[in-house]
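The data block below is work.cif; it holds mmCIF, C-alpha atoms.
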data_upload
#
loop_
_atom_site.label_atom_id
_atom_site.label_comp_id
_atom_site.auth_asym_id
_atom_site.auth_seq_id
_atom_site.Cartn_x
_atom_site.Cartn_y
_atom_site.Cartn_z
CA LEU A 22 19.93 -23.56 21.56
CA VAL A 23 17.11 -24.10 24.05
CA LEU A 24 14.55 -23.31 21.34
CA ALA A 25 16.20 -25.74 18.89
CA LEU A 26 16.22 -28.50 21.51
CA GLY A 27 12.58 -27.79 22.35
CA LEU A 28 11.55 -28.04 18.69
CA ALA A 29 13.54 -31.26 18.31
CA VAL A 30 11.74 -32.82 21.29
CA LEU A 31 8.39 -31.57 20.01
CA GLY A 32 9.13 -33.10 16.61
CA ARG A 33 8.95 -36.54 18.21
CA TRP A 34 5.18 -36.15 18.51
CA SER A 35 4.61 -34.18 15.30
CA SER A 36 4.36 -36.92 12.68
CA ASP A 37 0.92 -38.21 13.68
CA ALA A 38 -0.18 -35.54 16.15
CA ARG A 39 -3.85 -34.61 16.32
CA LEU A 40 -3.66 -32.23 19.26
CA PRO A 41 -3.65 -28.54 18.28
CA ALA A 42 -1.02 -27.87 20.98
CA VAL A 43 1.63 -29.72 18.94
CA ALA A 44 0.91 -27.71 15.78
CA ILE A 45 0.87 -24.44 17.75
CA GLY A 46 4.18 -25.28 19.43
CA ASN A 47 5.84 -26.05 16.10
CA LEU A 48 4.44 -22.90 14.48
CA VAL A 49 5.33 -20.45 17.26
CA GLY A 50 8.69 -22.12 17.83
CA GLY A 51 9.58 -21.93 14.15
CA PHE A 52 8.59 -18.26 13.94
CA ALA A 53 10.60 -17.49 17.08
CA MET A 54 13.64 -19.30 15.63
CA LEU A 55 13.47 -17.21 12.45
CA ALA A 56 13.13 -13.99 14.46
CA LEU A 57 16.13 -14.88 16.64
CA CYS A 58 18.29 -15.86 13.66
CA LEU A 59 17.52 -12.65 11.77
CA ARG A 60 18.23 -10.59 14.87
CA LEU A 61 21.63 -12.25 15.21
CA VAL A 62 22.48 -11.64 11.55
CA LEU A 63 21.16 -8.13 10.96
CA THR A 64 23.31 -5.12 11.80
CA PRO A 65 21.58 -3.27 14.64
CA GLY A 66 20.22 0.15 13.79
CA ALA A 67 19.66 3.12 16.06
CA ALA A 68 17.82 2.02 19.20
CA LEU A 69 14.39 3.41 19.92
CA ALA A 70 13.78 5.26 23.16
CA ARG A 71 13.00 3.01 26.12
CA GLY A 72 9.27 3.58 25.76
CA GLY A 73 9.44 2.65 22.08
CA ARG A 74 11.36 -0.55 22.85
CA VAL A 75 8.81 -1.57 25.49
CA TRP A 76 6.04 -0.84 23.01
CA ALA A 77 7.83 -2.96 20.39
CA MET A 78 8.13 -5.88 22.82
CA LEU A 79 4.42 -5.61 23.66
CA CYS A 80 3.72 -5.76 19.90
CA VAL A 81 5.92 -8.86 19.70
CA LEU A 82 3.85 -10.53 22.41
CA LEU A 83 0.60 -9.50 20.73
CA LEU A 84 1.78 -10.87 17.39
CA ALA A 85 2.92 -14.10 19.06
CA MET A 86 -0.58 -14.50 20.50
CA GLN A 87 -2.04 -13.80 17.05
CA ILE A 88 0.23 -16.44 15.50
CA ALA A 89 -0.79 -18.97 18.17
CA LEU A 90 -4.46 -18.25 17.47
CA GLY A 91 -3.82 -18.69 13.76
CA GLY A 92 -2.18 -22.03 14.48
CA LEU A 93 -5.17 -23.02 16.60
CA VAL A 94 -7.55 -22.11 13.75
CA ARG A 95 -5.56 -24.24 11.32
CA ALA A 96 -5.08 -27.19 13.68
CA MET A 97 -8.79 -27.22 14.56
CA PHE A 98 -9.83 -27.05 10.87
CA ALA A 99 -11.72 -23.89 11.79
CA ALA A 100 -10.85 -21.79 8.73
CA THR A 101 -14.33 -22.43 7.27
CA SER A 102 -16.22 -22.31 10.55
CA CYS A 103 -17.53 -18.82 9.67
CA THR A 104 -17.19 -16.31 6.86
CA SER A 105 -17.82 -12.63 7.58
CA PHE A 106 -16.88 -10.92 10.84
CA ALA A 107 -20.56 -10.62 11.80
CA ASP A 108 -21.07 -14.29 10.98
CA CYS A 109 -18.12 -15.24 13.19
CA LEU A 110 -19.42 -13.17 16.10
CA SER A 111 -22.83 -14.81 15.77
CA ALA A 112 -21.37 -18.32 15.47
CA ALA A 113 -19.05 -17.80 18.45
CA ARG A 114 -21.81 -16.55 20.72
CA GLY A 115 -22.59 -19.15 23.36
CA LEU A 116 -19.56 -21.34 22.66
CA PRO A 117 -17.68 -22.34 25.84
CA TRP A 118 -14.07 -21.24 26.41
CA SER A 119 -13.17 -24.94 26.40
CA ALA A 120 -13.55 -24.73 22.61
CA LEU A 121 -10.08 -23.13 22.68
CA ASP A 122 -8.47 -26.02 24.56
CA PRO A 123 -5.37 -26.94 22.50
CA TRP A 124 -5.04 -30.24 24.37
CA ARG A 125 -8.36 -31.52 23.09
CA GLU A 126 -8.59 -33.30 19.75
CA PRO A 127 -11.13 -31.49 17.52
CA VAL A 128 -14.33 -33.34 16.64
CA LEU A 129 -14.92 -32.92 12.93
CA SER A 130 -18.19 -33.13 11.05
CA GLY A 131 -18.76 -34.73 7.67
CA MET A 132 -20.79 -31.70 6.60
CA PRO A 133 -19.51 -28.10 6.38
CA PRO A 134 -18.40 -26.45 8.51
CA ALA A 135 -15.92 -29.12 9.49
CA ASN A 136 -15.66 -27.78 13.04
CA ALA A 137 -18.41 -25.38 14.10
CA SER A 138 -16.86 -24.86 17.55
CA GLY A 139 -13.79 -23.41 15.84
CA ALA A 140 -15.75 -20.20 15.29
CA LEU A 141 -14.55 -18.94 18.68
CA ALA A 142 -10.88 -19.31 17.71
CA GLN A 143 -11.61 -17.75 14.31
CA THR A 144 -13.36 -14.78 15.94
CA LEU A 145 -10.57 -14.16 18.44
CA HIS A 146 -8.01 -14.41 15.63
CA ARG A 147 -9.82 -11.67 13.73
CA ILE A 148 -10.25 -9.44 16.81
CA SER A 149 -6.57 -9.90 17.64
CA GLY A 150 -5.75 -8.91 14.07
CA LEU A 151 -7.55 -5.61 14.53
CA ALA A 152 -5.70 -5.01 17.80
CA MET A 153 -2.44 -5.77 15.99
CA LEU A 154 -3.21 -3.12 13.37
CA ILE A 155 -3.97 -0.55 16.06
CA ALA A 156 -0.77 -1.33 18.00
CA ILE A 157 1.81 -1.77 15.25
CA ALA A 158 0.90 1.11 12.91
CA PRO A 159 1.82 3.83 15.47
CA LEU A 160 5.00 1.92 16.39
CA ALA A 161 6.07 2.03 12.74
CA LEU A 162 5.57 5.81 12.79
CA VAL A 163 7.71 6.09 15.93
CA ALA A 164 10.42 4.01 14.26
CA TRP A 165 10.30 6.26 11.18
CA ARG A 166 10.80 9.35 13.33
CA SER A 167 13.63 7.67 15.30
CA ARG A 168 15.99 7.15 12.34
CA ARG A 169 14.68 3.61 11.82
CA ARG A 170 12.91 4.41 8.56
CA VAL A 171 13.64 1.09 6.85
CA ALA A 172 12.35 -0.92 9.81
CA GLY A 173 9.31 1.33 10.18
CA ALA A 174 8.41 1.11 6.50
CA LEU A 175 9.02 -2.64 6.50
CA ALA A 176 6.77 -3.11 9.53
CA LEU A 177 3.95 -1.22 7.80
CA LEU A 178 4.43 -3.15 4.54
CA LEU A 179 4.50 -6.53 6.26
CA LEU A 180 1.53 -5.57 8.43
CA ALA A 181 -0.47 -4.66 5.32
CA CYS A 182 0.57 -7.89 3.56
CA THR A 183 -0.31 -10.05 6.55
CA ALA A 184 -3.70 -8.40 6.98
CA GLY A 185 -4.47 -8.43 3.26
CA LEU A 186 -3.61 -12.12 2.88
CA GLY A 187 -5.68 -12.93 5.96
CA ILE A 188 -8.67 -11.11 4.49
CA ALA A 189 -8.16 -12.94 1.19
CA MET A 190 -8.23 -16.30 2.96
CA ALA A 191 -11.35 -15.31 4.89
CA ASN A 192 -13.19 -14.26 1.72
CA GLN A 193 -11.98 -16.90 -0.76
CA GLY A 194 -11.09 -19.80 1.51
CA PRO A 195 -7.59 -20.89 2.54
CA THR A 196 -5.27 -22.15 -0.20
CA LEU A 197 -1.77 -23.49 0.35
CA ALA A 198 -0.02 -20.69 -1.55
CA VAL A 199 -1.89 -17.87 0.21
CA ALA A 200 -1.49 -19.54 3.61
CA LEU A 201 2.27 -19.88 3.10
CA MET A 202 2.61 -16.23 2.07
CA HIS A 203 0.47 -15.22 5.07
CA ASN A 204 2.77 -17.17 7.39
CA LEU A 205 5.93 -15.78 5.77
CA ALA A 206 4.71 -12.18 6.09
CA ALA A 207 3.80 -12.76 9.74
CA ALA A 208 7.20 -14.35 10.45
CA LEU A 209 9.09 -11.44 8.88
CA LEU A 210 6.88 -8.97 10.76
CA LEU A 211 7.70 -10.75 14.02
CA ALA A 212 11.42 -10.54 13.22
CA THR A 213 11.12 -6.82 12.40
CA LEU A 214 9.30 -6.04 15.65
CA PHE A 215 11.76 -8.14 17.64
CA GLU A 216 14.67 -6.20 16.10
CA LEU A 217 12.98 -2.89 16.98
CA SER A 218 12.83 -4.00 20.63
CA ARG A 219 16.65 -4.25 20.69
CA GLY A 220 18.35 -1.99 23.22
CA PRO A 221 21.31 0.31 22.47
CA ALA A 222 24.65 -1.29 21.62
CA ALA A 223 27.40 -1.40 24.24
CA ALA A 224 29.27 1.39 22.48
CA ASP A 225 26.15 3.58 22.57
CA ARG A 226 25.65 2.88 26.27
CA ARG A 227 29.22 3.98 26.98
#
Translate this structure into structure tokens?
Amino acid sequence: LVLALGLAVLGRWSSDARLPAVAIGNLVGGFAMLALCLRLVLTPGAALARGGRVWAMLCVLLLAMQIALGGLVRAMFAATSCTSFADCLSAARGLPWSALDPWREPVLSGMPPANASGALAQTLHRISGLAMLIAIAPLALVAWRSRRRVAGALALLLLACTAGLGIAMANQGPTLAVALMHNLAAALLLATLFELSRGPAAADRR
């Protein structure tokens, strides 16, 4: 309810908003709403051990940060600020941290790239993606070994889809269809990780 009210209030400024913070709030809030709704609907499976649940929640936070960075890249028109990973690292070198300020309206250029300072957000988004791969893949293996085989396999599949679609956008440029599929895979991955962080049911605790 609090999340729905927050998104409703944020929607007041969304129609003609130019600040990246508004786009990021809508994106992260929408993803969180989907994750909460799916968690309420899905029948809980066997709970992971406490360490696994903490790990899953850390992965949720990491993915939320990755989603926010992706929203920042989109809102700052930074998708074309650099191409390869090496190019992004080179372009981001020397840029101030203020280039990530979501409360500052991006200054766009008439010549490509539209926003050269967006290379820092693009670089961090790619580095965070690598960290996400390193963190979530072992968690999926833990889930598989803890009688959560469907959730573990789904996490790996969605992780691969999200990463693959992100690489496709980086190499071929962002298109609406690919961007939507990228967002959908990330949202379902967030919901899967959130469900894995669920504790044991009351009956199990008794």
All residues 12 Å or closer to Leu82 (chain A), only C-alpha atoms, same chain fewer than 2 positions away omitted, as a tab-separated table (two decimals) with C-alpha atoms, keeping the file's coordinate frame:
chain	number	residue	atom	x	y	z
A	49	VAL	CA	5.33	-20.45	17.26
A	53	ALA	CA	10.60	-17.49	17.08
A	75	VAL	CA	8.81	-1.57	25.49
A	76	TRP	CA	6.04	-0.84	23.01
A	77	ALA	CA	7.83	-2.96	20.39
A	78	MET	CA	8.13	-5.88	22.82
A	79	LEU	CA	4.42	-5.61	23.66
A	80	CYS	CA	3.72	-5.76	19.90
A	84	LEU	CA	1.78	-10.87	17.39
A	85	ALA	CA	2.92	-14.10	19.06
A	86	MET	CA	-0.58	-14.50	20.50
A	87	GLN	CA	-2.04	-13.80	17.05
A	88	ILE	CA	0.23	-16.44	15.50
A	89	ALA	CA	-0.79	-18.97	18.17
A	149	SER	CA	-6.57	-9.90	17.64
A	152	ALA	CA	-5.70	-5.01	17.80
A	153	MET	CA	-2.44	-5.77	15.99
A	156	ALA	CA	-0.77	-1.33	18.00
A	157	ILE	CA	1.81	-1.77	15.25
A	211	LEU	CA	7.70	-10.75	14.02
A	212	ALA	CA	11.42	-10.54	13.22
A	214	LEU	CA	9.30	-6.04	15.65
A	215	PHE	CA	11.76	-8.14	17.64
A	218	SER	CA	12.83	-4.00	20.63
request  = Tell me which of A:Ala158, A:Val94, A:Ala142, A:Leu129 sits closest to Leu177 (chain A), counting all atoms listed in the file.
outcome  = A:Ala158
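Using all atoms listed in the file, the residues found no farther than 12 Å from Trp34 (chain A), other than those of its own chain fewer than 6 positions away, are Gly27, Leu28, Leu40, Pro41, Ala42, Val43, Ala44, Gly46 and Asn47 of chain A.
Protein and nucleic acid residues near (5.0, -9.5, 7.0) are Leu175, Ala176, Leu177, Leu178, Leu179, Leu180, Ala181, Cys182, Thr183, Ala184, Leu186, Met202, His203, Asn204, Leu205, Ala206, Ala207, Ala208, Leu209, Leu210, Leu211, Ala212 and Thr213 of chain A, the criterion being any atom at most 10 Å away using all atoms listed in the file.
Atom pair CA of Leu24 (chain A) / CA of Leu57 (chain A) has a distance of 9.8 Å (rounded to one decimal).
The interatomic distance for the pair CA of Arg147 (chain A) and CA of Ala200 (chain A) works out to 15.3 Å.
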task = I would like the residues chosen by the PyMOL selection byres ((chain A and resi 61-74) around 9) on the shown file; could you give them as number ranges by chain?
result = A: 56-60, 75-79, 160, 163-164, 167-169, 172, 216-222
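The spacing separating CA of Ala99 (chain A) from CA of Leu141 (chain A) amounts to 8.9 Å.
The set of residues that the PyMOL selection byres ((chain A and resi 138) around 10) takes from this file is Met97, Phe98, Ala99, Ser102, Cys103, Ala112, Ala113, Gly115, Leu116, Pro117, Trp118, Ser119, Ala120, Leu121, Pro127, Val128, Leu129, Pro134, Ala135, Asn136, Ala137, Gly139, Ala140, Leu141, Ala142 and Gln143 of chain A.
Closest to Glu126 (chain A) among A:Ala96, A:Cys109, A:Val171, A:Ile45 is A:Ala96, based on all atoms listed in the file.
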request  = For each of A:Ala161, A:Ala107, A:Val23, A:Ala100, take the minimum atom-to-atom distance to Gly187 (chain A), counting all atoms listed in the file, then give the residue where this is smallest.
outcome  = A:Ala100
ask   = Given the choices A:Leu26, A:Asn192, A:Pro159, A:Gly32, which gets closest to Met54 (chain A) if the distance is worked out from all atoms listed in the file?
value = A:Leu26
ask   = When distances are computed from only C-alpha atoms, which of A:Leu93, A:Ala174, A:Val81, A:Val30 shows the smallest separation from Leu48 (chain A)?
value = A:Leu93
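Minimum atom-to-atom distance to Ile148 (chain A), evaluated using all atoms listed in the file, belongs to A:Leu110 out of A:Leu162, A:Leu197, A:Ala189, A:Leu110.
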